[in-house]
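Data file: final-v1.txt. Format and content: compact mmCIF, C-alpha atoms.
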# COMPACT_ATOMS: atom_id res chain seq x y z
CA MET A 1 36.97 81.78 -77.26
CA GLN A 2 35.07 83.66 -79.96
CA ALA A 3 36.50 86.63 -81.81
CA ASP A 4 33.94 88.89 -80.14
CA GLU A 5 35.12 88.03 -76.63
CA LEU A 6 38.77 88.17 -77.65
CA LEU A 7 38.41 91.67 -79.09
CA VAL A 8 37.04 92.89 -75.77
CA LEU A 9 40.10 91.49 -73.98
CA VAL A 10 42.43 92.90 -76.63
CA ALA A 11 40.94 96.33 -76.04
CA LYS A 12 42.18 96.00 -72.46
CA GLY A 13 45.74 95.37 -73.59
CA ASP A 14 45.69 91.56 -73.35
CA GLN A 15 48.49 90.37 -75.64
CA LYS A 16 47.65 86.70 -75.19
CA ALA A 17 44.10 87.37 -76.36
CA PHE A 18 45.56 89.14 -79.39
CA GLU A 19 47.60 86.03 -80.25
CA ASP A 20 44.40 83.97 -80.15
CA LEU A 21 42.56 86.57 -82.20
CA TYR A 22 45.39 86.49 -84.72
CA GLY A 23 44.85 82.76 -85.08
CA LEU A 24 41.17 83.28 -85.82
CA VAL A 25 41.23 86.24 -88.18
CA SER A 26 44.62 86.36 -89.90
CA GLY A 27 43.53 83.87 -92.59
CA PRO A 28 40.32 85.67 -93.51
CA VAL A 29 42.06 89.06 -93.37
CA PHE A 30 45.06 88.03 -95.44
CA GLY A 31 42.92 86.19 -98.00
CA LEU A 32 40.55 89.10 -98.48
CA VAL A 33 43.35 91.65 -98.75
CA ARG A 34 45.19 89.49 -101.26
CA ARG A 35 42.07 89.06 -103.33
CA VAL A 36 41.71 92.83 -103.61
CA VAL A 37 45.35 93.97 -103.66
CA ARG A 38 46.75 91.00 -105.65
CA ASP A 39 50.41 91.93 -105.37
CA PRO A 40 51.88 89.51 -102.76
CA ALA A 41 54.28 91.91 -101.04
CA GLN A 42 51.71 94.68 -100.84
CA SER A 43 49.05 92.28 -99.64
CA GLU A 44 51.25 91.18 -96.80
CA GLU A 45 51.97 94.78 -95.89
CA VAL A 46 48.30 95.75 -95.86
CA ALA A 47 47.27 92.63 -93.93
CA GLN A 48 49.90 93.41 -91.29
CA GLU A 49 48.69 96.97 -90.98
CA VAL A 50 45.12 95.77 -90.57
CA LEU A 51 46.07 93.26 -87.87
CA LEU A 52 48.08 95.86 -86.02
CA GLU A 53 45.19 98.27 -86.31
CA LEU A 54 43.00 95.66 -84.61
CA TRP A 55 45.35 95.78 -81.68
CA ARG A 56 45.43 99.56 -81.64
CA SER A 57 41.75 100.27 -82.08
CA ALA A 58 40.08 97.21 -80.54
CA ALA A 59 38.28 99.59 -78.18
CA ARG A 60 36.27 100.84 -81.15
CA TYR A 61 34.58 97.49 -81.61
CA ASP A 62 30.98 97.61 -80.44
CA PRO A 63 29.50 94.10 -80.02
CA GLY A 64 26.01 95.60 -80.31
CA ARG A 65 26.65 96.55 -83.92
CA GLY A 66 27.49 93.20 -85.44
CA SER A 67 29.90 90.32 -85.28
CA ALA A 68 33.60 90.80 -84.63
CA LEU A 69 34.54 89.05 -87.84
CA SER A 70 32.35 91.43 -89.85
CA TRP A 71 34.00 94.37 -88.17
CA VAL A 72 37.45 93.00 -88.83
CA LEU A 73 36.73 92.17 -92.47
CA THR A 74 35.07 95.53 -93.07
CA LEU A 75 38.24 97.19 -91.82
CA ALA A 76 40.44 94.88 -93.90
CA HIS A 77 38.40 95.52 -97.02
CA ARG A 78 38.55 99.27 -96.62
CA ARG A 79 42.32 99.24 -96.17
CA ALA A 80 42.77 96.91 -99.15
CA VAL A 81 40.61 99.14 -101.34
CA ASP A 82 42.51 102.24 -100.19
CA ARG A 83 45.74 100.56 -101.22
CA VAL A 84 44.62 99.51 -104.71
CA ARG A 85 43.16 102.93 -105.36
CA SER A 86 46.25 104.84 -104.35
CA ALA A 87 48.34 102.40 -106.37
CA ARG A 88 46.09 102.99 -109.37
CA ALA A 89 46.15 106.73 -108.84
CA ALA A 90 49.93 106.64 -108.75
CA GLY A 91 49.81 104.83 -112.07
CA GLU A 92 51.63 101.78 -110.89
CA ARG A 93 51.52 99.77 -114.06
CA GLU A 94 53.79 97.06 -112.78
CA MET A 95 51.16 96.32 -110.19
CA ARG A 96 48.58 95.65 -112.85
CA GLU A 97 51.09 93.44 -114.62
CA ALA A 98 51.60 91.57 -111.39
CA GLN A 99 47.85 91.28 -111.07
CA ARG A 100 47.57 89.61 -114.42
CA ALA A 101 50.60 87.42 -113.91
CA ASN A 102 49.65 86.27 -110.44
CA GLY A 103 45.89 86.10 -110.59
CA PRO A 104 45.33 82.46 -111.49
CA ALA A 105 48.08 81.13 -109.23
CA PHE A 106 46.52 82.90 -106.26
CA ASP A 107 43.10 81.49 -106.85
CA GLN A 108 44.60 78.07 -107.14
CA VAL A 109 46.40 78.33 -103.83
CA ALA A 110 43.30 79.63 -102.14
CA GLU A 111 41.25 76.83 -103.62
CA GLU A 112 43.60 74.16 -102.34
CA VAL A 113 43.68 75.62 -98.89
CA GLU A 114 40.04 75.89 -98.13
CA ALA A 115 37.52 74.21 -100.31
CA GLY A 116 35.00 74.69 -97.54
CA LEU A 117 31.26 74.85 -97.78
CA GLU A 118 31.15 78.60 -97.40
CA ARG A 119 33.43 79.09 -100.35
CA GLU A 120 31.24 76.89 -102.46
CA TRP A 121 28.10 78.67 -101.34
CA VAL A 122 29.37 82.13 -102.20
CA ARG A 123 30.32 80.96 -105.67
CA ARG A 124 26.94 79.36 -106.22
CA CYS A 125 25.04 82.35 -105.01
CA LEU A 126 27.13 84.70 -107.13
CA ASP A 127 26.23 82.51 -110.10
CA ARG A 128 22.57 83.09 -109.38
CA LEU A 129 22.84 86.85 -109.78
CA THR A 130 22.21 88.45 -113.16
CA THR A 131 25.41 89.19 -115.04
CA LEU A 132 25.14 92.92 -114.39
CA GLN A 133 24.43 92.42 -110.69
CA ARG A 134 27.38 90.08 -110.37
CA GLN A 135 29.76 92.32 -112.29
CA SER A 136 28.72 95.43 -110.39
CA VAL A 137 29.19 93.75 -107.03
CA THR A 138 32.43 91.92 -107.78
CA LEU A 139 34.17 94.77 -109.61
CA ALA A 140 33.55 96.89 -106.53
CA TYR A 141 34.22 94.37 -103.79
CA TYR A 142 36.97 92.18 -105.21
CA ASP A 143 38.65 94.69 -107.51
CA GLY A 144 38.21 97.86 -105.50
CA TYR A 145 36.58 100.01 -108.18
CA THR A 146 34.25 102.86 -107.20
CA TYR A 147 30.71 102.63 -108.56
CA ARG A 148 31.61 105.45 -110.98
CA GLU A 149 34.50 103.40 -112.32
CA VAL A 150 32.26 100.33 -112.50
CA ALA A 151 29.71 102.32 -114.51
CA GLU A 152 32.43 103.43 -116.87
CA ARG A 153 33.84 99.94 -117.32
CA LEU A 154 30.43 98.43 -117.98
CA SER A 155 29.20 101.45 -119.99
CA LEU A 156 26.14 101.78 -117.75
CA PRO A 157 24.43 104.85 -116.26
CA LEU A 158 25.42 105.56 -112.63
CA GLY A 159 21.88 104.97 -111.38
CA THR A 160 21.78 101.52 -112.95
CA VAL A 161 25.02 100.48 -111.29
CA LYS A 162 23.86 101.65 -107.87
CA THR A 163 20.62 99.68 -108.28
CA ARG A 164 22.43 96.57 -109.51
CA MET A 165 24.74 96.72 -106.52
CA ARG A 166 21.84 96.94 -104.13
CA ASP A 167 19.86 94.19 -105.84
CA GLY A 168 22.95 92.02 -106.08
CA LEU A 169 23.69 92.34 -102.36
CA THR A 170 20.06 91.70 -101.46
CA ARG A 171 19.89 88.58 -103.59
CA LEU A 172 23.13 87.38 -102.13
CA ARG A 173 21.58 87.80 -98.68
CA GLU A 174 18.55 85.76 -99.67
CA CYS A 175 20.71 83.05 -101.15
CA LEU A 176 23.29 82.91 -98.34
CA GLY A 177 20.93 83.82 -95.53
CA GLY A 178 20.61 80.35 -94.10
CA ALA A 179 24.18 79.32 -94.70
CA VAL A 180 25.87 81.10 -91.83
CA MET B 181 11.66 119.20 -103.74
CA THR B 182 15.37 119.75 -104.06
CA VAL B 183 15.85 118.40 -100.56
CA LEU B 184 13.82 115.30 -101.36
CA PHE B 185 15.78 114.68 -104.49
CA ARG B 186 19.09 115.09 -102.78
CA ARG B 187 18.00 112.80 -99.98
CA SER B 188 16.95 110.00 -102.26
CA GLU B 189 20.08 110.50 -104.29
CA LEU B 190 22.16 110.20 -101.15
CA HIS B 191 20.14 107.23 -100.08
CA SER B 192 20.97 105.36 -103.27
CA LEU B 193 24.61 105.48 -102.20
CA ALA B 194 23.97 102.95 -99.41
CA ALA B 195 24.94 99.91 -101.51
CA PRO B 196 28.11 101.46 -103.00
CA TYR B 197 28.99 102.61 -99.48
CA ALA B 198 28.60 99.08 -98.12
CA LEU B 199 30.91 97.84 -100.88
CA ASP B 200 33.49 100.60 -100.19
CA ALA B 201 32.78 101.85 -103.71
CA LEU B 202 32.47 105.58 -103.04
CA ASP B 203 35.16 108.14 -103.76
CA PRO B 204 36.36 110.07 -100.71
CA ARG B 205 34.09 113.09 -101.26
CA GLU B 206 30.92 111.03 -101.60
CA TYR B 207 32.03 108.85 -98.74
CA GLN B 208 32.18 111.87 -96.46
CA ARG B 209 28.83 113.18 -97.67
CA PHE B 210 27.22 109.85 -97.07
CA GLU B 211 28.74 109.46 -93.60
CA LYS B 212 27.32 112.86 -92.70
CA HIS B 213 23.93 111.79 -94.01
CA LEU B 214 24.11 108.56 -91.99
CA LYS B 215 24.46 110.44 -88.74
CA ARG B 216 21.09 112.10 -89.29
CA CYS B 217 19.26 109.11 -90.72
CA ASP B 218 18.51 106.23 -88.36
CA SER B 219 16.76 104.05 -90.91
CA CYS B 220 19.76 104.43 -93.25
CA ALA B 221 22.10 103.29 -90.50
CA ALA B 222 20.10 100.08 -90.05
CA GLU B 223 20.01 99.47 -93.77
CA VAL B 224 23.71 100.13 -94.21
CA ARG B 225 24.50 97.71 -91.43
CA LEU B 226 22.50 95.04 -93.22
CA LEU B 227 24.12 95.76 -96.58
CA ARG B 228 27.56 95.71 -94.97
CA GLU B 229 26.87 92.28 -93.53
CA ASP B 230 25.89 91.22 -97.04
CA ALA B 231 29.10 92.61 -98.49
CA VAL B 232 31.17 90.79 -95.87
CA ARG B 233 29.68 87.50 -97.09
CA LEU B 234 31.71 88.06 -100.23
CA ALA B 235 34.80 87.58 -98.08
CA TRP B 236 33.73 84.09 -97.05
CA ASN B 237 35.43 82.53 -100.00
CA THR B 238 38.69 84.44 -99.95
CA ALA B 239 40.39 83.19 -96.75
CA ALA B 240 43.97 82.07 -97.25
CA PRO B 241 46.81 81.22 -94.86
CA PRO B 242 49.09 84.21 -94.30
CA PRO B 243 52.88 83.90 -94.61
CA VAL B 244 54.27 82.23 -91.50
CA ALA B 245 56.75 85.02 -90.75
CA MET B 246 53.93 87.56 -90.66
CA ARG B 247 52.77 86.28 -87.28
CA ASP B 248 56.05 87.06 -85.52
CA ARG B 249 56.24 90.48 -87.11
CA VAL B 250 52.73 91.42 -86.09
CA LEU B 251 53.06 90.10 -82.54
CA MET B 252 56.39 91.89 -82.26
CA ALA B 253 54.92 95.14 -83.48
CA VAL B 254 52.06 94.78 -81.02
CA ARG B 255 54.57 94.94 -78.19
CA THR B 256 55.75 98.36 -79.29
CA THR B 257 52.39 99.81 -80.31
CA PRO B 258 50.28 101.82 -77.92
CA GLN B 259 46.51 101.34 -77.95
CA GLU B 260 43.70 103.83 -78.39
CA ALA B 261 41.27 104.60 -75.63
CA ALA B 262 37.61 103.75 -76.20
CA PRO B 263 36.05 106.27 -78.61
CA GLY B 264 33.85 109.02 -77.27
CA GLN B 265 31.72 109.00 -80.39
CA THR B 266 30.05 105.91 -81.79
CA ALA B 267 31.05 105.24 -85.35
CA GLN B 268 29.81 103.18 -88.28
CA GLY B 269 32.35 100.42 -88.14
CA PRO B 270 36.06 101.17 -88.20
CA GLN B 271 37.19 104.69 -89.00
CA PRO B 272 39.54 105.43 -91.88
CA HIS B 273 41.92 107.48 -89.77
CA PRO B 274 41.53 106.63 -86.11
CA ARG B 275 43.02 109.19 -83.78
CA ALA B 276 44.48 107.93 -80.58
CA ALA B 277 43.45 109.57 -77.37
CA GLN B 278 46.20 110.82 -75.11
CA GLN B 279 44.73 109.25 -72.00
CA PRO B 280 45.82 105.76 -71.04
CA LEU B 281 43.22 103.04 -70.95
CA PRO B 282 41.72 102.87 -67.48
CA GLY B 283 41.75 99.08 -67.39
CA MET B 284 45.11 98.70 -69.14
CA ARG B 285 46.69 95.45 -68.08
CA ALA B 286 50.42 95.27 -68.22
CA VAL B 287 52.06 92.18 -69.64
CA ARG B 288 54.13 90.09 -67.29
CA PRO B 289 57.86 90.06 -67.92
CA ARG B 290 58.46 87.44 -70.55
CA PRO B 291 61.69 87.52 -72.50
CA SER B 292 61.44 85.92 -75.90
CA ARG B 293 63.91 85.27 -78.67
CA LEU B 294 62.81 86.18 -82.13
CA HIS B 295 64.13 83.71 -84.60
CA GLY B 296 61.05 83.88 -86.79
CA LEU B 297 62.16 86.87 -88.84
CA LEU B 298 63.40 85.29 -92.02
CA SER B 299 64.90 87.55 -94.65
CA PRO B 300 66.34 90.53 -92.76
CA LEU B 301 65.64 92.94 -95.62
CA ALA B 302 62.06 91.88 -96.17
CA ALA B 303 61.44 91.80 -92.46
CA THR B 304 62.91 95.25 -92.04
CA THR B 305 60.75 96.74 -94.76
CA ALA B 306 57.59 95.12 -93.52
CA ALA B 307 58.27 96.00 -89.92
CA ALA B 308 59.07 99.58 -90.92
CA ALA B 309 55.76 99.83 -92.73
CA LEU B 310 54.04 98.54 -89.65
CA VAL B 311 55.70 100.95 -87.30
CA VAL B 312 55.08 103.85 -89.67
CA ALA B 313 51.43 102.86 -89.78
CA ALA B 314 51.35 102.79 -86.00
CA LEU B 315 52.97 106.19 -85.68
CA PHE B 316 50.71 107.67 -88.34
CA GLY B 317 47.69 106.33 -86.55
CA VAL B 318 48.73 107.78 -83.26
CA GLN B 319 49.66 111.19 -84.58
CA ALA B 320 47.41 111.94 -87.50
CA SER B 321 48.29 115.60 -87.95
CA ARG B 322 51.96 116.30 -88.27
CA THR B 323 54.10 118.49 -90.48
CA GLN B 324 56.13 117.02 -93.33
CA ASP B 325 59.36 117.46 -91.35
CA GLU B 326 57.91 115.60 -88.43
CA LEU B 327 56.65 112.86 -90.72
CA ASP B 328 60.10 112.51 -92.30
CA GLN B 329 61.61 112.34 -88.88
CA GLN B 330 59.10 109.68 -87.89
CA ARG B 331 59.90 107.66 -90.98
CA THR B 332 63.59 107.74 -90.16
CA GLN B 333 62.80 106.71 -86.62
CA ALA B 334 60.51 103.95 -87.88
CA ARG B 335 63.31 102.59 -90.04
CA GLU B 336 65.66 102.50 -87.06
CA ILE B 337 62.99 100.80 -84.99
CA ALA B 338 62.48 98.27 -87.75
CA ASN B 339 66.21 97.53 -87.76
CA ILE B 340 66.06 96.67 -84.10
CA LEU B 341 62.98 94.49 -84.54
CA ALA B 342 64.67 92.62 -87.37
CA ALA B 343 68.00 92.06 -85.57
CA PRO B 344 68.70 88.34 -85.05
CA ASP B 345 69.22 88.85 -81.32
CA ALA B 346 66.17 91.08 -80.76
CA ALA B 347 64.42 90.23 -77.52
CA ALA B 348 61.48 91.62 -75.64
CA SER B 349 60.72 92.23 -72.00
CA ALA B 350 58.31 94.25 -69.93
CA GLY B 351 58.38 95.88 -66.52
CA ARG B 352 55.37 96.98 -64.52
CA VAL B 353 54.50 98.69 -61.30
CA SER B 354 51.48 98.44 -59.05
CA GLY B 355 49.75 101.47 -60.59
CA GLY B 356 49.18 99.61 -63.85
CA GLN B 357 51.94 101.55 -65.56
CA SER B 358 54.51 99.59 -67.47
CA ILE B 359 57.22 99.84 -70.06
CA ASN B 360 57.76 97.36 -72.86
CA VAL B 361 61.17 97.05 -74.39
CA VAL B 362 62.43 95.38 -77.53
CA ALA B 363 66.21 95.48 -77.54
CA SER B 364 69.07 94.24 -79.64
CA ALA B 365 72.48 93.96 -77.97
CA SER B 366 74.20 93.72 -81.36
CA GLU B 367 72.53 96.92 -82.56
CA ARG B 368 73.10 98.43 -79.10
CA ALA B 369 69.62 99.86 -79.35
CA ALA B 370 66.14 99.44 -77.94
CA VAL B 371 62.57 100.54 -78.55
CA VAL B 372 60.91 101.49 -75.29
CA THR B 373 57.11 101.73 -75.27
CA PRO B 374 55.26 102.98 -72.23
CA ALA B 375 51.78 101.67 -71.44
CA GLY B 376 49.46 103.63 -69.23
CA LEU B 377 52.16 106.12 -68.32
CA GLY B 378 50.24 109.14 -69.60
CA ASN B 379 51.62 112.60 -68.91
CA PRO B 380 52.45 113.73 -65.35
CA THR B 381 50.61 116.80 -64.01
CA ASN B 382 51.93 120.38 -63.67
CA GLY B 383 53.86 120.29 -66.95
CA ARG B 384 56.26 117.71 -65.60
CA VAL B 385 57.59 114.97 -67.87
CA HIS B 386 58.54 111.29 -67.86
CA GLN B 387 62.23 110.88 -68.53
CA LEU B 388 63.92 107.63 -69.52
CA TRP B 389 67.33 106.71 -68.07
CA LEU B 390 69.95 104.12 -68.78
CA MET B 391 71.43 102.69 -65.60
CA ARG B 392 74.96 101.26 -65.52
CA PRO B 393 77.10 100.02 -62.62
CA GLU B 394 79.14 102.75 -60.93
CA VAL B 395 78.27 105.35 -63.56
CA GLN B 396 75.77 108.22 -63.44
CA PRO B 397 72.45 107.47 -65.15
CA ARG B 398 72.31 108.65 -68.76
CA SER B 399 69.20 110.33 -70.14
CA LEU B 400 67.67 108.53 -73.13
CA GLY B 401 64.99 111.14 -73.73
CA LEU B 402 61.56 112.33 -72.66
CA PHE B 403 58.32 110.45 -73.25
CA GLU B 404 55.39 112.15 -74.95
CA GLY B 405 52.35 110.30 -73.67
CA ASP B 406 52.61 106.66 -74.69
CA THR B 407 54.64 107.24 -77.86
CA PRO B 408 57.60 104.84 -78.14
CA LEU B 409 61.14 106.13 -77.58
CA LEU B 410 64.08 104.93 -79.59
CA ALA B 411 67.22 104.46 -77.48
CA THR B 412 70.52 104.12 -79.31
CA ASP B 413 74.21 103.73 -78.42
CA LEU B 414 73.31 101.62 -75.41
CA ASN B 415 76.33 100.50 -73.42
CA PRO B 416 76.78 96.72 -73.30
CA ASP B 417 77.20 96.84 -69.52
CA ALA B 418 73.83 98.57 -68.99
CA THR B 419 71.84 96.94 -66.21
CA SER B 420 68.42 98.55 -66.42
CA LEU B 421 66.10 101.21 -67.79
CA ALA B 422 64.30 103.56 -65.43
CA VAL B 423 61.56 106.15 -65.81
CA THR B 424 61.36 109.14 -63.46
CA VAL B 425 59.09 112.17 -63.23
CA GLU B 426 61.11 115.33 -63.89
CA PRO B 427 60.42 119.05 -64.23
CA GLN B 428 59.47 120.40 -67.67
CA GLY B 429 62.30 119.94 -70.16
CA GLY B 430 63.86 117.10 -68.21
CA SER B 431 66.85 116.98 -65.85
CA PRO B 432 70.56 116.25 -66.33
CA GLN B 433 70.29 113.67 -63.53
CA PRO B 434 67.23 111.97 -61.99
CA THR B 435 65.67 114.03 -59.19
CA SER B 436 63.19 111.41 -57.97
CA ALA B 437 62.83 107.68 -57.53
CA PRO B 438 61.85 105.74 -60.66
CA VAL B 439 58.15 105.08 -61.30
CA VAL B 440 59.09 102.08 -63.42
CA GLN B 441 62.35 100.19 -63.70
CA LEU B 442 63.21 97.32 -65.99
CA ALA B 443 66.25 95.02 -65.86
CA LEU B 444 68.01 94.52 -69.19
CA LYS B 445 69.69 91.21 -68.45
CA SER B 446 66.97 89.16 -70.10
CA VAL B 447 67.37 91.11 -73.34
CA GLY B 448 71.11 90.52 -73.64
CA PHE B 449 72.72 93.43 -71.78
CA GLY B 450 74.78 93.69 -68.61
CA GLU B 451 77.37 91.10 -69.50
Structure rendered as structure tokens:
Amino acid sequence: MQADELLVLVAKGDQKAFEDLYGLVSGPVFGLVRRVVRDPAQSEEVAQEVLLELWRSAARYDPGRGSALSWVLTLAHRRAVDRVRSARAAGEREMREAQRANGPAFDQVAEEVEAGLEREWVRRCLDRLTTLQRQSVTLAYYDGYTYREVAERLSLPLGTVKTRMRDGLTRLRECLGGAV
Amino acid sequence: MTVLFRRSELHSLAAPYALDALDPREYQRFEKHLKRCDSCAAEVRLLREDAVRLAWNTAAPPPVAMRDRVLMAVRTTPQEAAPGQTAQGPQPHPRAAQQPLPGMRAVRPRPSRLHGLLSPLAATTAAAALVVAALFGVQASRTQDELDQQRTQAREIANILAAPDAAASAGRVSGGQSINVVASASERAAVVTPAGLGNPTNGRVHQLWLMRPEVQPRSLGLFEGDTPLLATDLNPDATSLAVTVEPQGGSPQPTSAPVVQLALKSVGFGE
């Protein structure tokens, strides 16, 4: 069964459907959260919260508004970003240390696990963006910075960053459009 | 002129919004703007789909023990009713409705042993975080004292979930109401989660009882909607849990027949 159908059953309290949904989405959710949060323990915590939230708020999913996986990953991304930001706000330096220490190892593990076509495509399409487009998009999406923080880090005016983000996403769409 | 400027300025936030790259104040402003702007909503949906493509290359297998913890937590977590308002994707702080889901399906009784929880400490912490998240989600506006109390309760719940002998079971009745229980005989405690119980009419309450052979039932507390109850100091010879409808404030002894009853044998009691 597809994630879309499973979510509808989950919204009705079907625990078996949730187990199946877990099988489908836990990998994408955990991987995305870990990419953003970095710290292993915190990533696990956030991923668990996201998965539990799927159970709790499955009734909010509206199939008319997009695919279930998009909905799930949008939720996961928002929670991951919330976590990094509050960690940053709290000045958790050890987390940044952990980020640096663990970064490469993570990517390696992820690479070994799924060297699928999609992964390859995203990398290729990101390579086709201009440097500023790519940096604006990835600093926001993978590192959880706000566009104001991105502008500061890249020493660019706010307007430029907003435009680069939009252009970057649009080009990504053109490049990845057929590769669903 | 000013209005036009502010509109286009707001509009330029669509891409940062899709990337979750707005600070909370701008996020709220933009969400407000979205409600009045149909073309923006369509564009944002498209940009969001684009942003999600960036997650295609990040999938990774989660820790094996996470599965058991999540599925366990699901058993003790009430669900939200369908939202009255339509929203742009998931909400940051979903608020649970008090009404039970109309089509709520109760799980069939299915005892299960939980050997998957590896390190007790790690499992406890993670499970506590989960339960806290669940409680926060259900009751978004609470005082600090109440939050502290919830945290303490969440920790106790987590202890039960992480106990090596923790087991789950569920009891249902024809009306679609049910109670789920996760109990640990060694901890002499249980988490009891109602599903579809709701609140009785006329200010009456649902009261939870511990039934033992040849002893008067003991009150384990009053349910508030579908919020889980933590039951401690359970007697090893306990045979079942029962829920009755009682007058406001509860009764010293049950005054009506149970609406739901659940045997505890399958979760390690009554021996």
Residues within 9 Å of Leu129 (chain A), only C-alpha atoms, excluding chain neighbours under 3 positions, as a PyMOL selection string = chain A and resi 125-126+132-134+167-168+171-172
inquiry  = Given all atoms listed in the file as the basis, pick out the residue of B:Ala350, B:Leu402, B:Ala342, B:Ala365 nearest to Ala253 (chain B).
reply    = B:Ala342
request  = Considering all atoms listed in the file, state which residue in the set B:Met391, B:Ala198, B:Ala262, B:Cys220 is at the smallest distance from chain A.
outcome  = B:Ala262
Which residues of chain A come within 6 Å of chain B, and what is each one's closest atom pair and distance in Å (one decimal), counting all atoms listed in the file, sorted by chain and residue number, as JSON lines?
{"residue": "A:Lys12", "atom": "CA", "partner": "B:Met284", "partner_atom": "CA", "distance": 5.2}
{"residue": "A:Gly13", "atom": "CA", "partner": "B:Arg285", "partner_atom": "CA", "distance": 5.6}
{"residue": "A:Gly27", "atom": "CA", "partner": "B:Pro241", "partner_atom": "CA", "distance": 4.8}
{"residue": "A:Pro28", "atom": "CA", "partner": "B:Ala239", "partner_atom": "CA", "distance": 4.1}
{"residue": "A:Phe30", "atom": "CA", "partner": "B:Pro242", "partner_atom": "CA", "distance": 5.7}
{"residue": "A:Gly31", "atom": "CA", "partner": "B:Ala239", "partner_atom": "CA", "distance": 4.1}
{"residue": "A:Leu32", "atom": "CA", "partner": "B:Thr238", "partner_atom": "CA", "distance": 5.2}
{"residue": "A:Glu49", "atom": "CA", "partner": "B:Leu310", "partner_atom": "CA", "distance": 5.7}
{"residue": "A:Arg56", "atom": "CA", "partner": "B:Gln259", "partner_atom": "CA", "distance": 4.2}
{"residue": "A:Ser57", "atom": "CA", "partner": "B:Glu260", "partner_atom": "CA", "distance": 5.5}
{"residue": "A:Ala59", "atom": "CA", "partner": "B:Ala262", "partner_atom": "CA", "distance": 4.7}
{"residue": "A:Arg60", "atom": "CA", "partner": "B:Ala262", "partner_atom": "CA", "distance": 5.9}
{"residue": "A:Leu75", "atom": "CA", "partner": "B:Pro270", "partner_atom": "CA", "distance": 5.8}
{"residue": "A:Ala110", "atom": "CA", "partner": "B:Ala240", "partner_atom": "CA", "distance": 5.5}
{"residue": "A:Arg119", "atom": "CA", "partner": "B:Asn237", "partner_atom": "CA", "distance": 4.0}
{"residue": "A:Ala140", "atom": "CA", "partner": "B:Ala201", "partner_atom": "CA", "distance": 5.8}
{"residue": "A:Tyr141", "atom": "CA", "partner": "B:Leu199", "partner_atom": "CA", "distance": 5.6}
{"residue": "A:Thr146", "atom": "CA", "partner": "B:Ala201", "partner_atom": "CA", "distance": 3.9}
{"residue": "A:Tyr147", "atom": "CA", "partner": "B:Ala201", "partner_atom": "CA", "distance": 5.3}
{"residue": "A:Met165", "atom": "CA", "partner": "B:Ala195", "partner_atom": "CA", "distance": 5.9}
{"residue": "A:Arg166", "atom": "CA", "partner": "B:Ala195", "partner_atom": "CA", "distance": 5.0}
{"residue": "A:Leu169", "atom": "CA", "partner": "B:Asp230", "partner_atom": "CA", "distance": 5.9}
{"residue": "A:Arg173", "atom": "CA", "partner": "B:Asp230", "partner_atom": "CA", "distance": 5.7}
query = Hey, can you check how far CA of Phe18 (chain A) sits from CA of Met1 (chain A)?
reply =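 Straight-line distance from CA of Phe18 (chain A) to CA of Met1 (chain A) works out to 11.5 Å.
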message = Considering all atoms listed in the file, can you say which of B:Ala437, B:Ala338, B:Val362, B:Val371 comes closest to Val423 (chain B)?
response =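 The shortest atom-to-atom distance to Val423 (chain B) comes from B:Ala437.
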inquiry  = Using only C-alpha atoms, list the residues that have an atom at most 9 Å from (66.4, 97.0, -86.1), coordinates as in the file, as a list in words.
reply    =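 It turns out the residues near that spot are Thr304, Arg335, Glu336, Ile337, Ala338, Asn339, Ile340, Leu341, Ala342, Ala343, Ala346, Ala363, Ser364, Glu367, Ala369 and Ala370 of chain B.
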query = From the set A:Gly64, A:Val37, A:Arg124, A:Leu52, which residue has the shortest atom-to-atom contact distance to Ala87 (chain A), counting only C-alpha atoms?
reply =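 Closest candidate: A:Val37.
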Find the smallest box with edges along x, y and z containing every listed atom of region 248-258 of chain B, then add 5 Å on each side and report centre and edge lengths in Å to one decimal, as AutoDock Vina command-line options.
--center_x 53.3 --center_y 94.4 --center_z -82.5 --size_x 16.1 --size_y 24.8 --size_z 19.2
ask   = So which residues touch Ala17 (chain A) within 12 Å, counting all atoms listed in the file, skipping near sequence neighbours fewer than 3 positions away, as an MDAnalysis selection string?
value = (chainID A and resid 1:14 20:24 54:55 58) or (chainID B and resid 251 254 285 287)
Can you write just those residues out, C-alpha atoms, as a short mmCIF file (atom, residue, chain, number, x, y, z; two decimals), in the coordinates of the input?
data_model
loop_
_atom_site.label_atom_id
_atom_site.label_comp_id
_atom_site.auth_asym_id
_atom_site.auth_seq_id
_atom_site.Cartn_x
_atom_site.Cartn_y
_atom_site.Cartn_z
CA MET A 1 36.97 81.78 -77.26
CA GLN A 2 35.07 83.66 -79.96
CA ALA A 3 36.50 86.63 -81.81
CA ASP A 4 33.94 88.89 -80.14
CA GLU A 5 35.12 88.03 -76.63
CA LEU A 6 38.77 88.17 -77.65
CA LEU A 7 38.41 91.67 -79.09
CA VAL A 8 37.04 92.89 -75.77
CA LEU A 9 40.10 91.49 -73.98
CA VAL A 10 42.43 92.90 -76.63
CA ALA A 11 40.94 96.33 -76.04
CA LYS A 12 42.18 96.00 -72.46
CA GLY A 13 45.74 95.37 -73.59
CA ASP A 14 45.69 91.56 -73.35
CA ASP A 20 44.40 83.97 -80.15
CA LEU A 21 42.56 86.57 -82.20
CA TYR A 22 45.39 86.49 -84.72
CA GLY A 23 44.85 82.76 -85.08
CA LEU A 24 41.17 83.28 -85.82
CA LEU A 54 43.00 95.66 -84.61
CA TRP A 55 45.35 95.78 -81.68
CA ALA A 58 40.08 97.21 -80.54
CA LEU B 251 53.06 90.10 -82.54
CA VAL B 254 52.06 94.78 -81.02
CA ARG B 285 46.69 95.45 -68.08
CA VAL B 287 52.06 92.18 -69.64
#
